[in-house]
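The next block is start.txt, given as compact mmCIF, N, CA and C atoms.
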# COMPACT_ATOMS: atom_id res chain seq x y z
N MET A 1 107.64 121.48 103.61
CA MET A 1 107.07 120.31 104.27
C MET A 1 107.43 119.07 103.45
N ASN A 2 108.07 118.10 104.09
CA ASN A 2 108.37 116.83 103.43
C ASN A 2 107.09 116.01 103.31
N GLN A 3 106.98 115.31 102.19
CA GLN A 3 105.83 114.44 101.97
C GLN A 3 106.29 113.10 101.45
N TYR A 4 105.50 112.09 101.73
CA TYR A 4 105.74 110.75 101.21
C TYR A 4 104.50 110.38 100.41
N THR A 5 104.72 109.87 99.19
CA THR A 5 103.61 109.52 98.31
C THR A 5 103.68 108.03 97.99
N THR A 6 102.53 107.37 98.02
CA THR A 6 102.45 105.96 97.67
C THR A 6 101.11 105.68 96.99
N SER A 7 101.09 104.64 96.19
CA SER A 7 99.83 104.20 95.58
C SER A 7 99.30 102.94 96.27
N ASP A 8 100.00 102.49 97.28
CA ASP A 8 99.68 101.24 97.99
C ASP A 8 98.81 101.55 99.22
N LEU A 9 97.55 101.16 99.15
CA LEU A 9 96.59 101.44 100.23
C LEU A 9 97.04 100.85 101.58
N PRO A 10 97.39 99.56 101.65
CA PRO A 10 97.82 99.02 102.95
C PRO A 10 99.07 99.71 103.50
N GLN A 11 100.00 100.04 102.61
CA GLN A 11 101.21 100.74 103.05
C GLN A 11 100.85 102.12 103.61
N ALA A 12 99.96 102.83 102.95
CA ALA A 12 99.53 104.14 103.44
C ALA A 12 98.90 104.02 104.83
N ALA A 13 98.07 103.00 105.01
CA ALA A 13 97.44 102.79 106.32
C ALA A 13 98.49 102.50 107.39
N PHE A 14 99.50 101.69 107.06
CA PHE A 14 100.57 101.38 108.00
C PHE A 14 101.33 102.65 108.38
N LEU A 15 101.65 103.47 107.39
CA LEU A 15 102.38 104.71 107.66
C LEU A 15 101.56 105.63 108.56
N MET A 16 100.26 105.65 108.37
CA MET A 16 99.40 106.45 109.23
C MET A 16 99.41 105.89 110.65
N MET A 17 99.44 104.55 110.78
CA MET A 17 99.54 103.94 112.10
C MET A 17 100.84 104.31 112.79
N ARG A 18 101.86 104.59 112.00
CA ARG A 18 103.18 104.96 112.55
C ARG A 18 103.32 106.47 112.74
N GLY A 19 102.24 107.22 112.51
CA GLY A 19 102.24 108.64 112.86
C GLY A 19 102.26 109.63 111.72
N LEU A 20 102.42 109.17 110.47
CA LEU A 20 102.36 110.11 109.35
C LEU A 20 100.90 110.52 109.14
N LYS A 21 100.68 111.77 108.80
CA LYS A 21 99.31 112.28 108.64
C LYS A 21 98.96 112.38 107.16
N LEU A 22 97.76 111.96 106.84
CA LEU A 22 97.28 112.00 105.47
C LEU A 22 97.02 113.44 105.04
N VAL A 23 97.60 113.81 103.90
CA VAL A 23 97.40 115.14 103.32
C VAL A 23 96.31 115.07 102.27
N SER A 24 96.39 114.05 101.40
CA SER A 24 95.37 113.89 100.36
C SER A 24 95.33 112.45 99.89
N ALA A 25 94.20 112.10 99.31
CA ALA A 25 94.02 110.76 98.74
C ALA A 25 93.14 110.92 97.51
N GLY A 26 93.50 110.22 96.46
CA GLY A 26 92.69 110.32 95.25
C GLY A 26 93.24 109.42 94.16
N ARG A 27 92.77 109.67 92.94
CA ARG A 27 93.22 108.90 91.79
C ARG A 27 94.02 109.81 90.87
N VAL A 28 95.12 109.27 90.39
CA VAL A 28 95.94 109.95 89.40
C VAL A 28 96.16 108.95 88.28
N SER A 29 95.76 109.33 87.09
CA SER A 29 95.77 108.41 85.94
C SER A 29 94.89 107.22 86.30
N ASN A 30 95.35 106.07 86.41
CA ASN A 30 94.48 104.95 86.77
C ASN A 30 94.92 104.32 88.08
N LYS A 31 95.60 105.10 88.92
CA LYS A 31 96.14 104.58 90.17
C LYS A 31 95.67 105.44 91.33
N PHE A 32 95.70 104.84 92.50
CA PHE A 32 95.45 105.60 93.72
C PHE A 32 96.71 106.39 94.05
N GLU A 33 96.53 107.49 94.76
CA GLU A 33 97.68 108.25 95.25
C GLU A 33 97.36 108.75 96.65
N PHE A 34 98.21 108.38 97.58
CA PHE A 34 98.10 108.83 98.97
C PHE A 34 99.32 109.68 99.28
N VAL A 35 99.09 110.90 99.74
CA VAL A 35 100.17 111.80 100.09
C VAL A 35 100.10 112.01 101.60
N LEU A 36 101.24 111.77 102.27
CA LEU A 36 101.30 111.87 103.72
C LEU A 36 102.35 112.88 104.14
N GLU A 37 102.08 113.60 105.23
CA GLU A 37 103.09 114.49 105.81
C GLU A 37 104.21 113.62 106.35
N ASP A 38 105.43 113.99 106.03
CA ASP A 38 106.60 113.23 106.47
C ASP A 38 107.67 114.19 106.98
N PRO A 39 107.39 114.90 108.08
CA PRO A 39 108.28 115.97 108.54
C PRO A 39 109.68 115.49 108.91
N ASP A 40 109.81 114.25 109.35
CA ASP A 40 111.12 113.73 109.76
C ASP A 40 111.77 112.87 108.68
N ASP A 41 111.17 112.85 107.47
CA ASP A 41 111.70 112.10 106.34
C ASP A 41 111.87 110.61 106.67
N LEU A 42 110.84 110.03 107.29
CA LEU A 42 110.88 108.63 107.68
C LEU A 42 110.12 107.71 106.73
N GLY A 43 109.48 108.27 105.71
CA GLY A 43 108.62 107.49 104.82
C GLY A 43 109.28 106.26 104.23
N ASN A 44 110.47 106.41 103.67
CA ASN A 44 111.14 105.26 103.06
C ASN A 44 111.48 104.19 104.08
N SER A 45 112.00 104.57 105.24
CA SER A 45 112.35 103.57 106.24
C SER A 45 111.10 102.90 106.81
N LEU A 46 110.01 103.66 106.95
CA LEU A 46 108.75 103.05 107.42
C LEU A 46 108.16 102.12 106.37
N ALA A 47 108.33 102.45 105.09
CA ALA A 47 107.86 101.57 104.02
C ALA A 47 108.60 100.25 104.06
N ILE A 48 109.90 100.29 104.34
CA ILE A 48 110.69 99.05 104.47
C ILE A 48 110.25 98.28 105.71
N GLU A 49 110.00 99.01 106.79
CA GLU A 49 109.50 98.36 108.01
C GLU A 49 108.18 97.63 107.71
N TYR A 50 107.32 98.27 106.93
CA TYR A 50 106.04 97.66 106.57
C TYR A 50 106.25 96.35 105.81
N ILE A 51 107.13 96.37 104.82
CA ILE A 51 107.38 95.17 104.01
C ILE A 51 107.87 94.02 104.88
N ASN A 52 108.69 94.32 105.88
CA ASN A 52 109.26 93.28 106.74
C ASN A 52 108.39 92.92 107.94
N SER A 53 107.25 93.57 108.07
CA SER A 53 106.40 93.36 109.24
C SER A 53 105.34 92.28 108.98
N GLU A 54 104.66 91.92 110.03
CA GLU A 54 103.54 90.98 109.91
C GLU A 54 102.41 91.60 109.07
N PHE A 55 102.27 92.92 109.11
CA PHE A 55 101.26 93.59 108.30
C PHE A 55 101.54 93.38 106.81
N GLY A 56 102.81 93.50 106.44
CA GLY A 56 103.20 93.28 105.05
C GLY A 56 102.97 91.85 104.61
N LYS A 57 103.30 90.91 105.48
CA LYS A 57 103.06 89.49 105.18
C LYS A 57 101.57 89.23 105.00
N PHE A 58 100.77 89.78 105.90
CA PHE A 58 99.32 89.62 105.81
C PHE A 58 98.81 90.13 104.46
N ASP A 59 99.27 91.31 104.07
CA ASP A 59 98.83 91.90 102.81
C ASP A 59 99.25 91.03 101.63
N THR A 60 100.45 90.49 101.66
CA THR A 60 100.92 89.61 100.58
C THR A 60 100.04 88.37 100.47
N TYR A 61 99.72 87.76 101.60
CA TYR A 61 98.84 86.59 101.58
C TYR A 61 97.44 86.94 101.09
N LEU A 62 96.94 88.07 101.51
CA LEU A 62 95.61 88.52 101.09
C LEU A 62 95.56 88.72 99.58
N ARG A 63 96.58 89.36 99.03
CA ARG A 63 96.63 89.57 97.58
C ARG A 63 96.72 88.24 96.83
N SER A 64 97.49 87.30 97.36
CA SER A 64 97.61 85.98 96.72
C SER A 64 96.27 85.25 96.71
N LEU A 65 95.58 85.29 97.82
CA LEU A 65 94.27 84.64 97.89
C LEU A 65 93.28 85.30 96.93
N LYS A 66 93.34 86.60 96.83
CA LYS A 66 92.43 87.31 95.92
C LYS A 66 92.71 86.91 94.47
N LYS A 67 93.99 86.79 94.11
CA LYS A 67 94.35 86.36 92.75
C LYS A 67 93.82 84.97 92.46
N MET A 68 93.84 84.09 93.46
CA MET A 68 93.33 82.73 93.28
C MET A 68 91.84 82.75 92.95
N LEU A 69 91.11 83.67 93.54
CA LEU A 69 89.68 83.76 93.32
C LEU A 69 89.34 84.22 91.89
N TYR A 70 90.24 84.97 91.28
CA TYR A 70 89.97 85.51 89.95
C TYR A 70 90.63 84.72 88.83
N ARG A 71 91.26 83.61 89.17
CA ARG A 71 91.85 82.76 88.15
C ARG A 71 90.76 81.97 87.42
N PRO A 72 90.95 81.80 86.12
CA PRO A 72 89.94 81.01 85.36
C PRO A 72 89.99 79.54 85.71
Please go through the file and, once you have read it, give me the structure as structure tokens.
Amino acid sequence: MNQYTTSDLPQAAFLMMRGLKLVSAGRVSNKFEFVLEDPDDLGNSLAIEYINSEFGKFDTYLRSLKKMLYRP
């Protein structure tokens, strides 16, 4: 069984929206780890689709705004 692994929560959610099924989620060392079933080996291309999508842009803006809130 092919699997795709990511530590990026929004990316994992996007991949699930595109049909990949969650196998496991948890913490490894000090990071999140999401493992998804990837039977057609589409994980990498879907991750690129995410980065270029409106979802990816939204996440980038959200992270920027959050950083602004934690600046001294």
As a JSON list (two decimals) with N, CA and C atoms, in the frame of the given file, which residues of region 5-70 of chain A does DSSP assign to helix (DSSP H, G or I)?
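states.json, freshly written:
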[["chain", "number", "residue", "atom", "x", "y", "z"],
["A", 9, "LEU", "N", 97.55, 101.16, 99.15],
["A", 9, "LEU", "CA", 96.59, 101.44, 100.23],
["A", 9, "LEU", "C", 97.04, 100.85, 101.58],
["A", 10, "PRO", "N", 97.39, 99.56, 101.65],
["A", 10, "PRO", "CA", 97.82, 99.02, 102.95],
["A", 10, "PRO", "C", 99.07, 99.71, 103.50],
["A", 11, "GLN", "N", 100.00, 100.04, 102.61],
["A", 11, "GLN", "CA", 101.21, 100.74, 103.05],
["A", 11, "GLN", "C", 100.85, 102.12, 103.61],
["A", 12, "ALA", "N", 99.96, 102.83, 102.95],
["A", 12, "ALA", "CA", 99.53, 104.14, 103.44],
["A", 12, "ALA", "C", 98.90, 104.02, 104.83],
["A", 13, "ALA", "N", 98.07, 103.00, 105.01],
["A", 13, "ALA", "CA", 97.44, 102.79, 106.32],
["A", 13, "ALA", "C", 98.49, 102.50, 107.39],
["A", 14, "PHE", "N", 99.50, 101.69, 107.06],
["A", 14, "PHE", "CA", 100.57, 101.38, 108.00],
["A", 14, "PHE", "C", 101.33, 102.65, 108.38],
["A", 15, "LEU", "N", 101.65, 103.47, 107.39],
["A", 15, "LEU", "CA", 102.38, 104.71, 107.66],
["A", 15, "LEU", "C", 101.56, 105.63, 108.56],
["A", 16, "MET", "N", 100.26, 105.65, 108.37],
["A", 16, "MET", "CA", 99.40, 106.45, 109.23],
["A", 16, "MET", "C", 99.41, 105.89, 110.65],
["A", 17, "MET", "N", 99.44, 104.55, 110.78],
["A", 17, "MET", "CA", 99.54, 103.94, 112.10],
["A", 17, "MET", "C", 100.84, 104.31, 112.79],
["A", 43, "GLY", "N", 109.48, 108.27, 105.71],
["A", 43, "GLY", "CA", 108.62, 107.49, 104.82],
["A", 43, "GLY", "C", 109.28, 106.26, 104.23],
["A", 44, "ASN", "N", 110.47, 106.41, 103.67],
["A", 44, "ASN", "CA", 111.14, 105.26, 103.06],
["A", 44, "ASN", "C", 111.48, 104.19, 104.08],
["A", 45, "SER", "N", 112.00, 104.57, 105.24],
["A", 45, "SER", "CA", 112.35, 103.57, 106.24],
["A", 45, "SER", "C", 111.10, 102.90, 106.81],
["A", 46, "LEU", "N", 110.01, 103.66, 106.95],
["A", 46, "LEU", "CA", 108.75, 103.05, 107.42],
["A", 46, "LEU", "C", 108.16, 102.12, 106.37],
["A", 47, "ALA", "N", 108.33, 102.45, 105.09],
["A", 47, "ALA", "CA", 107.86, 101.57, 104.02],
["A", 47, "ALA", "C", 108.60, 100.25, 104.06],
["A", 48, "ILE", "N", 109.90, 100.29, 104.34],
["A", 48, "ILE", "CA", 110.69, 99.05, 104.47],
["A", 48, "ILE", "C", 110.25, 98.28, 105.71],
["A", 49, "GLU", "N", 110.00, 99.01, 106.79],
["A", 49, "GLU", "CA", 109.50, 98.36, 108.01],
["A", 49, "GLU", "C", 108.18, 97.63, 107.71],
["A", 50, "TYR", "N", 107.32, 98.27, 106.93],
["A", 50, "TYR", "CA", 106.04, 97.66, 106.57],
["A", 50, "TYR", "C", 106.25, 96.35, 105.81],
["A", 51, "ILE", "N", 107.13, 96.37, 104.82],
["A", 51, "ILE", "CA", 107.38, 95.17, 104.01],
["A", 51, "ILE", "C", 107.87, 94.02, 104.88],
["A", 52, "ASN", "N", 108.69, 94.32, 105.88],
["A", 52, "ASN", "CA", 109.26, 93.28, 106.74],
["A", 52, "ASN", "C", 108.39, 92.92, 107.94],
["A", 54, "GLU", "N", 104.66, 91.92, 110.03],
["A", 54, "GLU", "CA", 103.54, 90.98, 109.91],
["A", 54, "GLU", "C", 102.41, 91.60, 109.07],
["A", 55, "PHE", "N", 102.27, 92.92, 109.11],
["A", 55, "PHE", "CA", 101.26, 93.59, 108.30],
["A", 55, "PHE", "C", 101.54, 93.38, 106.81],
["A", 56, "GLY", "N", 102.81, 93.50, 106.44],
["A", 56, "GLY", "CA", 103.20, 93.28, 105.05],
["A", 56, "GLY", "C", 102.97, 91.85, 104.61],
["A", 57, "LYS", "N", 103.30, 90.91, 105.48],
["A", 57, "LYS", "CA", 103.06, 89.49, 105.18],
["A", 57, "LYS", "C", 101.57, 89.23, 105.00],
["A", 58, "PHE", "N", 100.77, 89.78, 105.90],
["A", 58, "PHE", "CA", 99.32, 89.62, 105.81],
["A", 58, "PHE", "C", 98.81, 90.13, 104.46],
["A", 59, "ASP", "N", 99.27, 91.31, 104.07],
["A", 59, "ASP", "CA", 98.83, 91.90, 102.81],
["A", 59, "ASP", "C", 99.25, 91.03, 101.63],
["A", 60, "THR", "N", 100.45, 90.49, 101.66],
["A", 60, "THR", "CA", 100.92, 89.61, 100.58],
["A", 60, "THR", "C", 100.04, 88.37, 100.47],
["A", 61, "TYR", "N", 99.72, 87.76, 101.60],
["A", 61, "TYR", "CA", 98.84, 86.59, 101.58],
["A", 61, "TYR", "C", 97.44, 86.94, 101.09],
["A", 62, "LEU", "N", 96.94, 88.07, 101.51],
["A", 62, "LEU", "CA", 95.61, 88.52, 101.09],
["A", 62, "LEU", "C", 95.56, 88.72, 99.58],
["A", 63, "ARG", "N", 96.58, 89.36, 99.03],
["A", 63, "ARG", "CA", 96.63, 89.57, 97.58],
["A", 63, "ARG", "C", 96.72, 88.24, 96.83],
["A", 64, "SER", "N", 97.49, 87.30, 97.36],
["A", 64, "SER", "CA", 97.61, 85.98, 96.72],
["A", 64, "SER", "C", 96.27, 85.25, 96.71],
["A", 65, "LEU", "N", 95.58, 85.29, 97.82],
["A", 65, "LEU", "CA", 94.27, 84.64, 97.89],
["A", 65, "LEU", "C", 93.28, 85.30, 96.93],
["A", 66, "LYS", "N", 93.34, 86.60, 96.83],
["A", 66, "LYS", "CA", 92.43, 87.31, 95.92],
["A", 66, "LYS", "C", 92.71, 86.91, 94.47],
["A", 67, "LYS", "N", 93.99, 86.79, 94.11],
["A", 67, "LYS", "CA", 94.35, 86.36, 92.75],
["A", 67, "LYS", "C", 93.82, 84.97, 92.46],
["A", 68, "MET", "N", 93.84, 84.09, 93.46],
["A", 68, "MET", "CA", 93.33, 82.73, 93.28],
["A", 68, "MET", "C", 91.84, 82.75, 92.95],
["A", 69, "LEU", "N", 91.11, 83.67, 93.54],
["A", 69, "LEU", "CA", 89.68, 83.76, 93.32],
["A", 69, "LEU", "C", 89.34, 84.22, 91.89]]
Neighbours of region 21-28 of chain A within 6.5 Å (all atoms listed in the file; same-chain residues fewer than 6 positions away dropped), as a ChimeraX atom specification? /A:15,34-38
Where does DSSP see strand (DSSP E) in chain A, if you list the residues as a PyMOL selection string? chain A and resi 3-6+21-28+31-37
Restricted to N, CA and C atoms, what would the selected residues look like written as a CSV table (one decimal), keeping the file's coordinate frame?
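Produced file selection-v5.csv, reproduced below:
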chain,number,residue,atom,x,y,z
A,3,GLN,N,107.0,115.3,102.2
A,3,GLN,CA,105.8,114.4,102.0
A,3,GLN,C,106.3,113.1,101.4
A,4,TYR,N,105.5,112.1,101.7
A,4,TYR,CA,105.7,110.8,101.2
A,4,TYR,C,104.5,110.4,100.4
A,5,THR,N,104.7,109.9,99.2
A,5,THR,CA,103.6,109.5,98.3
A,5,THR,C,103.7,108.0,98.0
A,6,THR,N,102.5,107.4,98.0
A,6,THR,CA,102.4,106.0,97.7
A,6,THR,C,101.1,105.7,97.0
A,21,LYS,N,100.7,111.8,108.8
A,21,LYS,CA,99.3,112.3,108.6
A,21,LYS,C,99.0,112.4,107.2
A,22,LEU,N,97.8,112.0,106.8
A,22,LEU,CA,97.3,112.0,105.5
A,22,LEU,C,97.0,113.4,105.0
A,23,VAL,N,97.6,113.8,103.9
A,23,VAL,CA,97.4,115.1,103.3
A,23,VAL,C,96.3,115.1,102.3
A,24,SER,N,96.4,114.0,101.4
A,24,SER,CA,95.4,113.9,100.4
A,24,SER,C,95.3,112.4,99.9
A,25,ALA,N,94.2,112.1,99.3
A,25,ALA,CA,94.0,110.8,98.7
A,25,ALA,C,93.1,110.9,97.5
A,26,GLY,N,93.5,110.2,96.5
A,26,GLY,CA,92.7,110.3,95.2
A,26,GLY,C,93.2,109.4,94.2
A,27,ARG,N,92.8,109.7,92.9
A,27,ARG,CA,93.2,108.9,91.8
A,27,ARG,C,94.0,109.8,90.9
A,28,VAL,N,95.1,109.3,90.4
A,28,VAL,CA,95.9,110.0,89.4
A,28,VAL,C,96.2,109.0,88.3
A,31,LYS,N,95.6,105.1,88.9
A,31,LYS,CA,96.1,104.6,90.2
A,31,LYS,C,95.7,105.4,91.3
A,32,PHE,N,95.7,104.8,92.5
A,32,PHE,CA,95.4,105.6,93.7
A,32,PHE,C,96.7,106.4,94.0
A,33,GLU,N,96.5,107.5,94.8
A,33,GLU,CA,97.7,108.2,95.2
A,33,GLU,C,97.4,108.8,96.6
A,34,PHE,N,98.2,108.4,97.6
A,34,PHE,CA,98.1,108.8,99.0
A,34,PHE,C,99.3,109.7,99.3
A,35,VAL,N,99.1,110.9,99.7
A,35,VAL,CA,100.2,111.8,100.1
A,35,VAL,C,100.1,112.0,101.6
A,36,LEU,N,101.2,111.8,102.3
A,36,LEU,CA,101.3,111.9,103.7
A,36,LEU,C,102.4,112.9,104.1
A,37,GLU,N,102.1,113.6,105.2
A,37,GLU,CA,103.1,114.5,105.8
A,37,GLU,C,104.2,113.6,106.4
As a check of understanding: the span from atom N of Arg71 (chain A) to atom N of Thr6 (chain A) is 27.7 Å
Please identify all polymer residues within 7 Å of Tyr50 (chain A), counting only C-alpha atoms, omitting same-chain residues fewer than 5 positions from it, and present them as a list in words. Gln11, Phe14, Phe55 and Gly56 of chain A
Output file for the selection above: N, CA and C atoms, as a tab-separated table (two decimals), in the coordinates of the input:
chain	number	residue	atom	x	y	z
A	11	GLN	N	100.00	100.04	102.61
A	11	GLN	CA	101.21	100.74	103.05
A	11	GLN	C	100.85	102.12	103.61
A	14	PHE	N	99.50	101.69	107.06
A	14	PHE	CA	100.57	101.38	108.00
A	14	PHE	C	101.33	102.65	108.38
A	55	PHE	N	102.27	92.92	109.11
A	55	PHE	CA	101.26	93.59	108.30
A	55	PHE	C	101.54	93.38	106.81
A	56	GLY	N	102.81	93.50	106.44
A	56	GLY	CA	103.20	93.28	105.05
A	56	GLY	C	102.97	91.85	104.61
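For the choices A:Arg18, A:Lys31, A:Lys66, A:Lys57, the atom-to-atom distance to Ser45 (chain A) is smallest for A:Arg18 when using only C-alpha atoms.
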Have a look at A:Leu62, A:Glu54, A:Glu49, A:Asp41 and name the one nearest to Gln3 (chain A); count only C-alpha atoms. A:Asp41
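Straight-line separation from atom C of Asn52 (chain A) to atom C of Leu69 (chain A): 26.4 Å.
Between CA of Pro39 (chain A) and atom N of Tyr4 (chain A) there is a distance of 8.3 Å.
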So, with only N, CA and C atoms as the atoms that count, which of A:Gly43, A:Glu33, A:Phe58, A:Tyr70 lies closest to Asp8 (chain A)? A:Glu33
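The smallest atom-to-atom distance between Thr5 (chain A) and any of A:Asp40, A:Ile51, A:Asp59, A:Phe32, using only C-alpha atoms, is found for A:Phe32.
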